[in-house]
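Peer 1: Structure provided below as structure tokens; questions to follow.
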Amino acid sequence: MDTNSLVEAQTDKQRMIMKILIIEDEHELSSNIVTYLSYDNYLCEQAFNFQDAMEKISLYSYDCILLDLNLPGGDGLRILDEIKMRKIESGIIIISARSALDDKIKGLKTGADDYLPKPFSLPELSVRIYALMRRQQFSHSNILKSNNIEVDMLAKTVKVNNHSVVLTKTEYDLLLFLIGNKNKVVSKNAIAEHLSGDMADMLDSHNFVYAHIKNLKSKIKEAGCANCIRTIYGTGYQWIE
Amino acid sequence: MDRMRSLLNKSRVQFLSYTVIIILCSSPLFFFIMKYCYTEDLDELIEYRADYFIKKQLPSFSSTKINEWNLYNEDMQILPFATSYPLNNVVQKPFYNYAEDHEVNYRIYYTQIEIGNKPYVLMSRIAMIETIHLIKTLAFQYGVLALILTIALLIIQRVISKKLWNPFYDSLNKIEGFNLEQGIPPQFVETDTLEFARLNENLNRLIESDLNAYAQQKEFVENASHELQTPLAVFQSQLDLLLQKPNLTKTQVDIIQSLYSVSSRLTRLNKNLLLLARLDNSQFKEKQEIDFTEILNTQLFYLKNLAENDGINVSVKINNSITVVANKTLLESLINNLIANAIRHNISHGYISISVTNNAFMVSNTGESETLDKEKIFRRFSRTSEKKKGNGLGLSIVHQICKLHGWKIEYTYQDHQHVFIVNF
């Protein structure tokens, strides 16, 4: 099997439907997550309270579980314990309000795979799930393909039409973020937060995002990948596949 | 306003002045009483002498002895009878006194006697101490007495006052040392003075209600910002979904963008409030040894990026590495806030210089305003400019973080630069 067909096979696998359980008591937030994720190949199920969640976990298997810790009817951490006890191999992302538990939760990272404090942007959540799914199911694959772009996740290099493109760290992160949310419009705020973490909300980072998008666009366009990034009136950006 | 004086000092001064006034006022009275008693004494003496002479000497006395008697008894003379003498009454008269060589007041007693059937007048007299001598003597005696009395009274007053006011001073010192943020109520000593017991009781009640109110307030802020996170998450996710709608117009997108800005401002404000509340509630107990320069470099990667996008020049000078014992999250927050502050309040094409020397971390920047109010800058919501980007909590967070770790933060304005220095 040559390299190309290997990549093809993996791409096929990536198109498989993934099952996600959203354990979150806030109906609106839960539904918004469902709506956003269902643009992709995700099949979402919801649990709004502790008992619901426990029941679903024992009956079905999921590729990924989003877990809010503050649930009516019980402590979310007990669900985490249950999952670990049953040796369920789902990826787990804790989505919870930032609280005094912060440090404790970070300690629990051994139990959960990721931790996303509220409020978060949906593109950020999506890209975290995407990354988690890649780690979980295609751990042997380090190549991400979209349009005529190939990203080697291990070497952190990018090729367009088999020609290397040199990107800065920030541009590389930006590219992955956009591809991770392909065909969806990602807001400038979400990008800024993804790129600079806590600093994003301290400073006006609009120029910053604009500058990096501009650089990334011109670099991949030069290499032969034009019109991959669509700009929506300077507010949102969309990776078109 | 008058110079402040201590309670004990004040009472001592007042006590002393009243004592002196009383002593001075009573001194003439003392003089007159002494003088009266002294005169009475003299009068008694001269009357006694006259009586004694009449009883013991007169029966055997003859007129031939008169001259001889008068020669040896200067103060006991037998004079020829005359009606001009005030008989049987003590009077006061000046006479020449040989010893003093001038006239001196005498007390004199005249009485009628008969020697050999002839009437005579017996004069008995005694020289008085001169008034000035009396005053001098009295003043000396009285002065010594007054001095001893005053000193004794002062010592007694001092000892008693000190003992009496001791519980008061104890309470005073303890309230002075009381810190609401530390939350340790002072333990007052037991006292059997009713007023001080009342004072302590009321102080205890006040402090307790203060502590309760403070704890409630802290808890409230934390709970409130905690509860706000979920609605904020809903708000943001709605926006994220709205942005997915096809065929959005420019106007619609502009509205979405402005809502995003509001959302991120709310999020930031909420995050900062929560952080402050958690700092106040001392929920960051976990500390570790951290290479400060390493953390600084990590944070600088993003911060430099952001600053240079705003056209601000950043220079970094790290002279030596510092290892600090700190909470990592807080240390990052400290660095971010200080540098973000320097970027936010900068002028266009300004610059920021960041340096690490010995045990200090310094951030200085060019800025628009003149020197800032040192008292106010670390206070919550005290914004010095109308720039809307800041929420007025950044520097109070920095201040609280420094306080928690026992670091010292200073602000100065020199060479047209705002300088913040953290001494580890």
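Quick note on naming: the chains in the structure tokens go A, B, ... in the order shown, residues restart at 1 in each chain, and ligands are numbered from 1 in order of appearance.
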Could you tell me which residues of chain A sit within 8 Å of chain B when counting only C-alpha atoms, and give me the result as a compact mmCIF listing (two decimals) with C-alpha atoms, in the first residue's frame?

Peer 2:
```
# COMPACT_ATOMS: atom_id res chain seq x y z
CA GLU A 26 -28.61 23.99 30.70
CA GLU A 28 -30.22 25.89 25.63
CA LEU A 29 -26.47 25.48 25.81
CA ASN A 32 -26.64 24.87 20.77
CA ILE A 33 -23.77 22.41 21.06
CA THR A 35 -26.77 22.19 16.50
CA TYR A 36 -23.17 23.27 15.98
CA ALA A 97 -17.94 26.71 35.29
CA ARG A 98 -14.62 27.95 36.51
CA SER A 99 -14.73 27.48 40.24
CA ALA A 100 -12.81 26.70 43.33
CA LYS A 118 -17.35 28.08 30.66
CA PRO A 119 -17.99 30.31 28.85
CA PHE A 120 -16.34 28.80 25.77
CA SER A 121 -16.88 29.31 22.08
CA LEU A 122 -18.43 26.50 20.04
CA PRO A 123 -15.56 26.48 17.52
CA LYS A 184 -18.17 26.63 9.64
CA VAL A 185 -17.85 30.34 10.31
CA VAL A 186 -15.46 31.02 13.14
CA SER A 187 -15.58 34.35 14.89
CA ASN A 189 -13.06 36.39 19.10
CA SER A 196 -3.58 33.69 22.88
CA MET A 199 -4.50 37.31 26.96
CA ASP A 201 -9.77 39.08 26.51
CA MET A 202 -7.32 41.45 28.14
CA LEU A 203 -6.48 43.29 24.98
CA ASP A 204 -8.08 44.31 21.78
CA SER A 205 -6.86 41.48 19.59
CA ASN A 207 -5.77 43.64 14.55
CA PHE A 208 -3.79 40.70 15.75
CA ALA A 211 -2.80 40.28 10.59
CA ILE A 232 -17.38 37.26 6.35
CA TYR A 233 -17.27 41.06 6.63
CA THR A 235 -15.97 39.28 11.61
CA GLY A 236 -15.95 35.61 10.79
```

Peer 1: What lies within 9 Å of Lys93 (chain B) using only C-alpha atoms, ignoring chain neighbours under 6 positions off, as a list in words?

Peer 2: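 Near Lys93 (chain B), the qualifying residues are Val104, Asn105, Tyr106, Arg107 and Ile108 of chain B.
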
Peer 1: Taking only region 49-169 of chain B into account, list the residues labelled strand (DSSP E) by DSSP (computed from the backbone), as a ChimeraX atom specification.

Peer 2: /B:76-80,90-97,102-115,118-127

Peer 1: Write a file of the just-selected residues containing N, CA, C and O atoms, as a compact mmCIF listing (two decimals), in the first residue's frame.

Peer 2:
```txt
# COMPACT_ATOMS: atom_id res chain seq x y z
N MET B 76 9.88 93.95 130.87
CA MET B 76 8.95 93.84 132.01
C MET B 76 9.19 95.06 132.90
O MET B 76 9.92 95.00 133.88
N GLN B 77 8.61 96.19 132.53
CA GLN B 77 8.93 97.45 133.20
C GLN B 77 7.81 97.87 134.15
O GLN B 77 6.63 97.62 133.89
N ILE B 78 8.25 98.54 135.22
CA ILE B 78 7.28 99.10 136.14
C ILE B 78 7.30 100.59 135.91
O ILE B 78 8.34 101.25 136.06
N LEU B 79 6.16 101.10 135.44
CA LEU B 79 6.11 102.50 135.04
C LEU B 79 5.20 103.29 135.97
O LEU B 79 4.26 102.71 136.55
N PRO B 80 5.49 104.57 136.09
CA PRO B 80 4.59 105.40 136.90
C PRO B 80 3.20 105.41 136.30
O PRO B 80 3.04 105.35 135.08
N VAL B 90 -4.18 93.63 125.51
CA VAL B 90 -2.94 93.50 124.73
C VAL B 90 -3.03 94.40 123.51
O VAL B 90 -4.05 94.40 122.81
N VAL B 91 -2.03 95.20 123.31
CA VAL B 91 -1.99 96.05 122.12
C VAL B 91 -0.69 95.82 121.38
O VAL B 91 0.23 95.19 121.90
N GLN B 92 -0.64 96.35 120.21
CA GLN B 92 0.56 96.18 119.39
C GLN B 92 1.15 97.56 119.13
O GLN B 92 0.45 98.47 118.71
N LYS B 93 2.46 97.67 119.39
CA LYS B 93 3.11 98.98 119.26
C LYS B 93 4.52 98.78 118.77
O LYS B 93 5.16 97.81 119.16
N PRO B 94 5.03 99.70 117.97
CA PRO B 94 6.43 99.59 117.56
C PRO B 94 7.34 100.23 118.60
O PRO B 94 7.00 101.27 119.17
N PHE B 95 8.48 99.57 118.85
CA PHE B 95 9.52 100.11 119.74
C PHE B 95 10.85 99.92 119.06
O PHE B 95 11.00 99.07 118.20
N TYR B 96 11.79 100.70 119.56
CA TYR B 96 13.15 100.50 119.05
C TYR B 96 13.73 99.26 119.66
O TYR B 96 13.64 99.05 120.86
N ASN B 97 14.32 98.44 118.78
CA ASN B 97 14.90 97.19 119.28
C ASN B 97 16.41 97.24 119.08
O ASN B 97 16.89 97.45 117.97
N HIS B 102 16.48 98.61 114.83
CA HIS B 102 15.42 99.44 114.23
C HIS B 102 14.12 99.15 114.96
O HIS B 102 14.09 98.27 115.84
N GLU B 103 13.11 99.86 114.60
CA GLU B 103 11.84 99.67 115.31
C GLU B 103 11.22 98.34 114.94
O GLU B 103 11.25 97.93 113.77
N VAL B 104 10.64 97.68 115.94
CA VAL B 104 10.04 96.38 115.73
C VAL B 104 8.68 96.39 116.42
O VAL B 104 8.49 97.07 117.43
N ASN B 105 7.73 95.68 115.88
CA ASN B 105 6.41 95.59 116.52
C ASN B 105 6.48 94.74 117.77
O ASN B 105 7.11 93.69 117.78
N TYR B 106 5.83 95.22 118.79
CA TYR B 106 5.78 94.48 120.06
C TYR B 106 4.33 94.23 120.41
O TYR B 106 3.46 95.02 120.10
N ARG B 107 4.08 93.16 121.15
CA ARG B 107 2.80 92.96 121.79
C ARG B 107 2.99 93.44 123.22
O ARG B 107 3.97 93.06 123.88
N ILE B 108 2.10 94.27 123.65
CA ILE B 108 2.28 94.86 125.00
C ILE B 108 1.01 94.69 125.83
O ILE B 108 -0.11 94.83 125.33
N TYR B 109 1.26 94.40 127.12
CA TYR B 109 0.15 94.25 128.06
C TYR B 109 0.40 95.19 129.24
O TYR B 109 1.45 95.14 129.85
N TYR B 110 -0.52 96.09 129.52
CA TYR B 110 -0.39 97.00 130.67
C TYR B 110 -1.40 96.59 131.71
O TYR B 110 -2.55 96.30 131.39
N THR B 111 -0.91 96.56 132.96
CA THR B 111 -1.86 96.31 134.05
C THR B 111 -1.47 97.14 135.29
O THR B 111 -0.29 97.46 135.47
N GLN B 112 -2.49 97.48 136.04
CA GLN B 112 -2.23 98.37 137.17
C GLN B 112 -1.82 97.56 138.39
O GLN B 112 -2.42 96.53 138.71
N ILE B 113 -0.74 98.00 139.04
CA ILE B 113 -0.32 97.34 140.29
C ILE B 113 -0.13 98.43 141.36
O ILE B 113 -0.06 99.62 141.04
N GLU B 114 -0.04 97.98 142.62
CA GLU B 114 0.23 98.94 143.70
C GLU B 114 1.49 98.51 144.42
O GLU B 114 1.63 97.35 144.81
N ILE B 115 2.43 99.42 144.56
CA ILE B 115 3.63 99.15 145.34
C ILE B 115 3.68 100.22 146.43
O ILE B 115 3.77 101.43 146.14
N LYS B 118 1.12 102.98 146.36
CA LYS B 118 1.16 103.91 145.22
C LYS B 118 0.83 103.15 143.94
O LYS B 118 1.29 102.04 143.73
N PRO B 119 0.01 103.72 143.08
CA PRO B 119 -0.33 103.00 141.84
C PRO B 119 0.81 103.08 140.80
O PRO B 119 1.42 104.12 140.62
N TYR B 120 1.06 101.96 140.24
CA TYR B 120 2.05 101.87 139.13
C TYR B 120 1.41 101.11 137.97
O TYR B 120 0.35 100.54 138.10
N VAL B 121 2.09 101.13 136.88
CA VAL B 121 1.62 100.32 135.73
C VAL B 121 2.71 99.30 135.38
O VAL B 121 3.86 99.67 135.22
N LEU B 122 2.30 98.05 135.33
CA LEU B 122 3.26 97.00 134.92
C LEU B 122 3.11 96.76 133.41
O LEU B 122 2.02 96.52 132.90
N MET B 123 4.24 96.88 132.74
CA MET B 123 4.21 96.66 131.28
C MET B 123 4.92 95.35 130.95
O MET B 123 6.06 95.16 131.38
N SER B 124 4.22 94.49 130.28
CA SER B 124 4.85 93.24 129.85
C SER B 124 4.79 93.22 128.31
O SER B 124 3.73 93.42 127.71
N ARG B 125 5.94 93.06 127.71
CA ARG B 125 5.92 93.10 126.23
C ARG B 125 6.81 92.02 125.62
O ARG B 125 7.69 91.47 126.30
N ILE B 126 6.62 91.78 124.35
CA ILE B 126 7.48 90.83 123.63
C ILE B 126 7.57 91.24 122.17
O ILE B 126 6.60 91.70 121.57
N ALA B 127 8.78 91.10 121.64
CA ALA B 127 8.97 91.51 120.23
C ALA B 127 8.40 90.44 119.30
O ALA B 127 8.52 89.25 119.55
```

Peer 1: When distances are computed from only C-alpha atoms, which of B:Gly116, B:Ser355, B:Asp170, B:Glu368 shows the smallest separation from Ser62 (chain B)?

Peer 2: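 Among the listed residues, the smallest separation from Ser62 (chain B) belongs to B:Gly116.
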
Peer 1: Counting only C-alpha atoms, figure out which residue out of A:Lys56, A:Arg128, A:Lys145, A:Lys19 gets nearest to Asn162 (chain A).

Peer 2: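 Of A:Lys56, A:Arg128, A:Lys145, A:Lys19, the one nearest Asn162 (chain A) is A:Lys145, counting only C-alpha atoms.
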
Peer 1: For a test of reading the model, state the distance in Å between CA of Gly367 (chain B) and CA of Gly197 (chain A), rounded to one decimal.

Peer 2: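 Rounded to one decimal, the two atoms are 25.7 Å apart.
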
Peer 1: Could you give me, as a PDB file with C-alpha atoms, in the first residue's frame, the residues within 6 Å of region 166-179 of chain A, counting only C-alpha atoms and dropping anything in the same chain fewer than 3 positions from it?

Peer 2:
```pdb
ATOM      1  CA  LYS A 182     -14.114  23.356   8.382  1.00  0.00           C
ATOM      2  CA  LEU A 216      -1.707  32.775   6.353  1.00  0.00           C
ATOM      3  CA  TRP A 239     -12.407  27.201   5.904  1.00  0.00           C
TER       4      TRP A 239
END
```

Peer 1: Leu77 (chain A): which residues within 12 Å, counting only C-alpha atoms, same-chain residues fewer than 2 positions away excluded, as a compact mmCIF listing (two decimals) with all heavy atoms, in the first residue's frame?

Peer 2:
```
# COMPACT_ATOMS: atom_id res chain seq x y z
N ILE A 23 -23.54 15.87 28.46
CA ILE A 23 -24.15 15.89 29.80
C ILE A 23 -24.09 17.33 30.30
O ILE A 23 -23.04 17.81 30.72
CB ILE A 23 -23.41 14.95 30.77
CG1 ILE A 23 -23.31 13.54 30.16
CG2 ILE A 23 -24.11 14.91 32.11
CD1 ILE A 23 -22.44 12.59 30.94
N PHE A 50 -28.21 13.96 36.34
CA PHE A 50 -27.31 12.90 36.79
C PHE A 50 -27.81 11.50 36.43
O PHE A 50 -27.09 10.70 35.84
CB PHE A 50 -27.11 13.04 38.30
CG PHE A 50 -26.14 12.09 38.89
CD1 PHE A 50 -24.77 12.34 38.81
CD2 PHE A 50 -26.56 10.93 39.53
CE1 PHE A 50 -23.86 11.46 39.35
CE2 PHE A 50 -25.65 10.04 40.08
CZ PHE A 50 -24.30 10.31 39.99
N ALA A 53 -27.73 10.71 32.77
CA ALA A 53 -26.35 10.49 32.31
C ALA A 53 -25.88 9.09 32.67
O ALA A 53 -25.34 8.36 31.83
CB ALA A 53 -25.44 11.55 32.92
N MET A 54 -26.11 8.71 33.94
CA MET A 54 -25.66 7.39 34.38
C MET A 54 -26.32 6.28 33.56
O MET A 54 -25.68 5.30 33.19
CB MET A 54 -26.01 7.19 35.87
CG MET A 54 -25.18 8.04 36.81
SD MET A 54 -23.43 7.69 36.72
CE MET A 54 -23.12 7.11 38.36
N LEU A 67 -18.86 16.63 29.63
CA LEU A 67 -19.39 16.50 30.98
C LEU A 67 -19.36 17.83 31.74
O LEU A 67 -18.31 18.43 31.92
CB LEU A 67 -18.54 15.45 31.73
CG LEU A 67 -18.84 15.22 33.20
CD1 LEU A 67 -20.25 14.72 33.41
CD2 LEU A 67 -17.84 14.22 33.79
N ASP A 68 -20.57 18.24 32.15
CA ASP A 68 -20.65 19.40 33.05
C ASP A 68 -20.64 18.86 34.47
O ASP A 68 -21.31 17.88 34.77
CB ASP A 68 -21.96 20.17 32.77
CG ASP A 68 -22.10 21.38 33.68
OD1 ASP A 68 -21.13 21.72 34.38
OD2 ASP A 68 -23.19 21.99 33.67
N LEU A 69 -19.88 19.48 35.35
CA LEU A 69 -19.73 18.93 36.70
C LEU A 69 -20.88 19.31 37.63
O LEU A 69 -21.18 18.61 38.57
CB LEU A 69 -18.40 19.36 37.30
CG LEU A 69 -17.16 18.76 36.65
CD1 LEU A 69 -15.92 19.20 37.39
CD2 LEU A 69 -17.22 17.24 36.61
N ASN A 70 -21.49 20.47 37.37
CA ASN A 70 -22.58 20.90 38.26
C ASN A 70 -23.91 20.44 37.69
O ASN A 70 -24.51 21.10 36.87
CB ASN A 70 -22.59 22.42 38.39
CG ASN A 70 -21.26 22.93 38.89
OD1 ASN A 70 -20.67 22.34 39.80
ND2 ASN A 70 -20.78 23.99 38.29
N LEU A 71 -24.33 19.28 38.17
CA LEU A 71 -25.56 18.70 37.63
C LEU A 71 -26.62 18.59 38.71
O LEU A 71 -26.29 18.35 39.88
CB LEU A 71 -25.28 17.30 37.09
CG LEU A 71 -24.53 17.20 35.78
CD1 LEU A 71 -24.23 15.74 35.51
CD2 LEU A 71 -25.32 17.79 34.64
N GLY A 74 -26.77 15.13 41.33
CA GLY A 74 -25.54 14.45 41.68
C GLY A 74 -24.31 15.16 41.18
O GLY A 74 -24.39 16.03 40.32
N ASP A 75 -23.18 14.77 41.74
CA ASP A 75 -21.93 15.41 41.39
C ASP A 75 -21.38 14.80 40.10
O ASP A 75 -21.29 13.58 39.96
CB ASP A 75 -20.93 15.20 42.54
CG ASP A 75 -19.66 15.97 42.31
OD1 ASP A 75 -19.51 16.58 41.24
OD2 ASP A 75 -18.80 15.96 43.22
N ILE A 79 -19.81 10.73 37.95
CA ILE A 79 -19.99 10.17 36.61
C ILE A 79 -18.63 9.79 36.03
O ILE A 79 -18.44 8.73 35.43
CB ILE A 79 -20.71 11.17 35.69
CG1 ILE A 79 -22.11 11.47 36.25
CG2 ILE A 79 -20.79 10.65 34.26
CD1 ILE A 79 -22.91 12.45 35.45
N LEU A 80 -17.68 10.71 36.27
CA LEU A 80 -16.31 10.46 35.80
C LEU A 80 -15.76 9.17 36.43
O LEU A 80 -15.17 8.33 35.73
CB LEU A 80 -15.43 11.66 36.19
CG LEU A 80 -14.10 11.80 35.48
CD1 LEU A 80 -14.29 11.99 33.99
CD2 LEU A 80 -13.32 12.97 36.06
N ASP A 81 -15.98 9.03 37.73
CA ASP A 81 -15.53 7.81 38.42
C ASP A 81 -16.16 6.57 37.80
O ASP A 81 -15.49 5.56 37.57
CB ASP A 81 -15.91 7.87 39.91
CG ASP A 81 -15.11 8.92 40.65
OD1 ASP A 81 -14.05 9.31 40.12
OD2 ASP A 81 -15.54 9.35 41.73
N GLU A 82 -17.48 6.68 37.53
CA GLU A 82 -18.23 5.56 36.97
C GLU A 82 -17.64 5.16 35.61
O GLU A 82 -17.44 3.97 35.33
CB GLU A 82 -19.70 5.98 36.82
CG GLU A 82 -20.64 4.91 36.28
CD GLU A 82 -20.96 3.85 37.32
OE1 GLU A 82 -20.69 4.10 38.51
OE2 GLU A 82 -21.45 2.77 36.92
N ILE A 83 -17.35 6.17 34.80
CA ILE A 83 -16.80 5.91 33.46
C ILE A 83 -15.47 5.17 33.58
O ILE A 83 -15.20 4.19 32.88
CB ILE A 83 -16.61 7.23 32.69
CG1 ILE A 83 -17.97 7.86 32.38
CG2 ILE A 83 -15.84 6.98 31.38
CD1 ILE A 83 -17.89 9.28 31.84
N LYS A 84 -14.62 5.66 34.53
CA LYS A 84 -13.31 5.04 34.70
C LYS A 84 -13.47 3.60 35.22
O LYS A 84 -12.76 2.70 34.81
CB LYS A 84 -12.46 5.86 35.67
CG LYS A 84 -12.00 7.19 35.11
CD LYS A 84 -11.00 7.01 33.97
CE LYS A 84 -11.45 7.87 32.79
NZ LYS A 84 -10.64 7.67 31.57
N ILE A 92 -13.19 12.05 27.16
CA ILE A 92 -14.02 12.86 28.05
C ILE A 92 -13.51 14.30 28.09
O ILE A 92 -12.32 14.55 28.31
CB ILE A 92 -14.02 12.30 29.48
CG1 ILE A 92 -14.59 10.87 29.46
CG2 ILE A 92 -14.85 13.18 30.41
CD1 ILE A 92 -14.21 10.07 30.65
N ILE A 94 -14.36 17.81 30.06
CA ILE A 94 -15.15 18.46 31.11
C ILE A 94 -15.47 19.89 30.66
O ILE A 94 -14.58 20.64 30.25
CB ILE A 94 -14.39 18.49 32.45
CG1 ILE A 94 -14.25 17.06 32.99
CG2 ILE A 94 -15.08 19.38 33.46
CD1 ILE A 94 -13.45 16.96 34.25
N ILE A 95 -16.78 20.20 30.64
CA ILE A 95 -17.16 21.57 30.36
C ILE A 95 -17.84 22.09 31.62
O ILE A 95 -18.91 21.65 31.98
CB ILE A 95 -18.12 21.70 29.15
CG1 ILE A 95 -19.23 20.63 29.23
CG2 ILE A 95 -17.38 21.57 27.85
CD1 ILE A 95 -20.35 20.87 28.24
N SER A 96 -17.15 22.97 32.31
CA SER A 96 -17.73 23.37 33.59
C SER A 96 -17.41 24.81 33.92
O SER A 96 -16.49 25.40 33.37
CB SER A 96 -17.19 22.47 34.69
OG SER A 96 -17.92 22.68 35.86
N LEU A 101 -13.01 24.59 42.23
CA LEU A 101 -12.58 23.24 41.89
C LEU A 101 -11.48 23.22 40.83
O LEU A 101 -10.87 22.20 40.58
CB LEU A 101 -13.77 22.42 41.38
CG LEU A 101 -14.73 21.90 42.43
CD1 LEU A 101 -15.98 21.39 41.78
CD2 LEU A 101 -14.06 20.78 43.23
N LYS A 104 -8.43 21.33 41.35
CA LYS A 104 -8.78 19.93 41.55
C LYS A 104 -9.06 19.28 40.19
O LYS A 104 -8.62 18.18 39.90
CB LYS A 104 -10.03 19.87 42.42
CG LYS A 104 -10.20 18.56 43.16
CD LYS A 104 -11.35 18.70 44.12
CE LYS A 104 -11.96 17.36 44.43
NZ LYS A 104 -13.27 17.51 45.07
N ILE A 105 -9.79 20.04 39.37
CA ILE A 105 -10.13 19.52 38.05
C ILE A 105 -8.89 19.30 37.22
O ILE A 105 -8.74 18.27 36.55
CB ILE A 105 -11.09 20.49 37.34
CG1 ILE A 105 -12.45 20.46 38.03
CG2 ILE A 105 -11.25 20.11 35.87
CD1 ILE A 105 -13.32 21.62 37.68
N LEU A 108 -7.50 16.28 37.97
CA LEU A 108 -8.29 15.17 37.44
C LEU A 108 -8.06 14.93 35.96
O LEU A 108 -8.67 14.05 35.37
CB LEU A 108 -9.78 15.44 37.68
CG LEU A 108 -10.28 15.14 39.07
CD1 LEU A 108 -11.67 15.67 39.25
CD2 LEU A 108 -10.25 13.62 39.30
N LYS A 109 -7.19 15.75 35.41
CA LYS A 109 -6.97 15.61 33.97
C LYS A 109 -6.55 14.19 33.59
O LYS A 109 -6.67 13.79 32.45
CB LYS A 109 -5.94 16.62 33.49
CG LYS A 109 -6.58 17.90 32.99
CD LYS A 109 -5.60 18.70 32.19
CE LYS A 109 -6.31 19.86 31.52
NZ LYS A 109 -5.36 20.76 30.88
N GLY A 111 -8.09 11.72 34.68
CA GLY A 111 -9.36 11.05 34.46
C GLY A 111 -10.04 11.54 33.20
O GLY A 111 -10.51 10.76 32.39
N ALA A 112 -10.07 12.86 33.02
CA ALA A 112 -10.68 13.42 31.81
C ALA A 112 -9.57 13.68 30.79
O ALA A 112 -8.40 13.71 31.14
CB ALA A 112 -11.40 14.70 32.16
```

Peer 1: Interatomic distance between CA of Gly350 (chain B) and CA of Lys304 (chain B)?

Peer 2: 13.3 Å

Peer 1: For a quick check of understanding, using only C-alpha atoms, which of B:Ile377, B:Ala139, B:Ala342, B:Leu331 has the smallest distance to Leu393 (chain B)?

Peer 2: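 Ranking B:Ile377, B:Ala139, B:Ala342, B:Leu331 by distance to Leu393 (chain B), first place goes to B:Ile377.
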
Peer 1: How would you write, as number ranges by chain, the set of residues in region 156-392 of chain B that DSSP gives as alpha helix (DSSP H)?

Peer 2: B: 156-176, 194-242, 250-280, 292-309, 328-344

Peer 1: I want to know what sits within 8 Å of Ser321 (chain B), based on only C-alpha atoms, with residues of the same chain fewer than 2 positions away left out; could you give that as a list of chain:residue names?

Peer 2: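 Within the cut-off, the hits are B:Asp291, B:Phe292, B:Thr293, B:Ile318, B:Asn319, B:Thr323, B:Val356.
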
Peer 1: How about saving the chosen residues, all heavy atoms kept, as an mmCIF file, in the first residue's frame?

Peer 2:
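Below is the file that was written, part_5.cif:
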```
data_model
loop_
_atom_site.group_PDB
_atom_site.id
_atom_site.type_symbol
_atom_site.label_atom_id
_atom_site.label_comp_id
_atom_site.auth_asym_id
_atom_site.auth_seq_id
_atom_site.Cartn_x
_atom_site.Cartn_y
_atom_site.Cartn_z
ATOM 1 N N ASP B 291 10.474 28.771 37.893
ATOM 2 C CA ASP B 291 11.484 29.586 37.229
ATOM 3 C C ASP B 291 10.755 30.766 36.590
ATOM 4 O O ASP B 291 10.068 30.623 35.587
ATOM 5 C CB ASP B 291 12.207 28.746 36.173
ATOM 6 C CG ASP B 291 13.323 29.540 35.502
ATOM 7 O OD1 ASP B 291 13.408 30.763 35.741
ATOM 8 O OD2 ASP B 291 14.090 28.919 34.736
ATOM 9 N N PHE B 292 10.897 31.927 37.198
ATOM 10 C CA PHE B 292 10.130 33.098 36.772
ATOM 11 C C PHE B 292 10.411 33.473 35.321
ATOM 12 O O PHE B 292 9.510 33.758 34.545
ATOM 13 C CB PHE B 292 10.443 34.291 37.688
ATOM 14 C CG PHE B 292 9.752 35.556 37.277
ATOM 15 C CD1 PHE B 292 8.397 35.724 37.508
ATOM 16 C CD2 PHE B 292 10.448 36.567 36.635
ATOM 17 C CE1 PHE B 292 7.748 36.879 37.124
ATOM 18 C CE2 PHE B 292 9.802 37.728 36.238
ATOM 19 C CZ PHE B 292 8.454 37.883 36.479
ATOM 20 N N THR B 293 11.673 33.420 34.941
ATOM 21 C CA THR B 293 12.037 33.837 33.587
ATOM 22 C C THR B 293 11.426 32.931 32.532
ATOM 23 O O THR B 293 11.055 33.391 31.460
ATOM 24 C CB THR B 293 13.571 33.887 33.440
ATOM 25 O OG1 THR B 293 14.143 32.923 34.323
ATOM 26 C CG2 THR B 293 14.085 35.251 33.796
ATOM 27 N N ILE B 318 16.701 40.476 30.362
ATOM 28 C CA ILE B 318 16.713 39.564 31.505
ATOM 29 C C ILE B 318 18.152 39.369 31.954
ATOM 30 O O ILE B 318 18.965 38.763 31.252
ATOM 31 C CB ILE B 318 16.053 38.224 31.137
ATOM 32 C CG1 ILE B 318 14.566 38.470 30.811
ATOM 33 C CG2 ILE B 318 16.171 37.233 32.285
ATOM 34 C CD1 ILE B 318 13.833 37.278 30.280
ATOM 35 N N ASN B 319 18.497 39.947 33.094
ATOM 36 C CA ASN B 319 19.875 39.912 33.575
ATOM 37 C C ASN B 319 20.223 38.601 34.258
ATOM 38 O O ASN B 319 21.332 38.121 34.175
ATOM 39 C CB ASN B 319 20.127 41.057 34.553
ATOM 40 C CG ASN B 319 20.204 42.384 33.829
ATOM 41 O OD1 ASN B 319 20.445 42.432 32.617
ATOM 42 N ND2 ASN B 319 19.976 43.459 34.560
ATOM 43 N N THR B 323 14.115 32.348 40.742
ATOM 44 C CA THR B 323 13.200 31.268 41.105
ATOM 45 C C THR B 323 12.308 31.785 42.225
ATOM 46 O O THR B 323 12.800 32.333 43.206
ATOM 47 C CB THR B 323 13.977 30.038 41.587
ATOM 48 O OG1 THR B 323 14.986 29.760 40.618
ATOM 49 C CG2 THR B 323 13.065 28.840 41.721
ATOM 50 N N VAL B 356 14.334 42.101 34.148
ATOM 51 C CA VAL B 356 14.468 41.276 35.343
ATOM 52 C C VAL B 356 15.870 41.496 35.877
ATOM 53 O O VAL B 356 16.849 41.226 35.195
ATOM 54 C CB VAL B 356 14.255 39.781 35.012
ATOM 55 C CG1 VAL B 356 14.480 38.933 36.250
ATOM 56 C CG2 VAL B 356 12.872 39.536 34.460
#
```
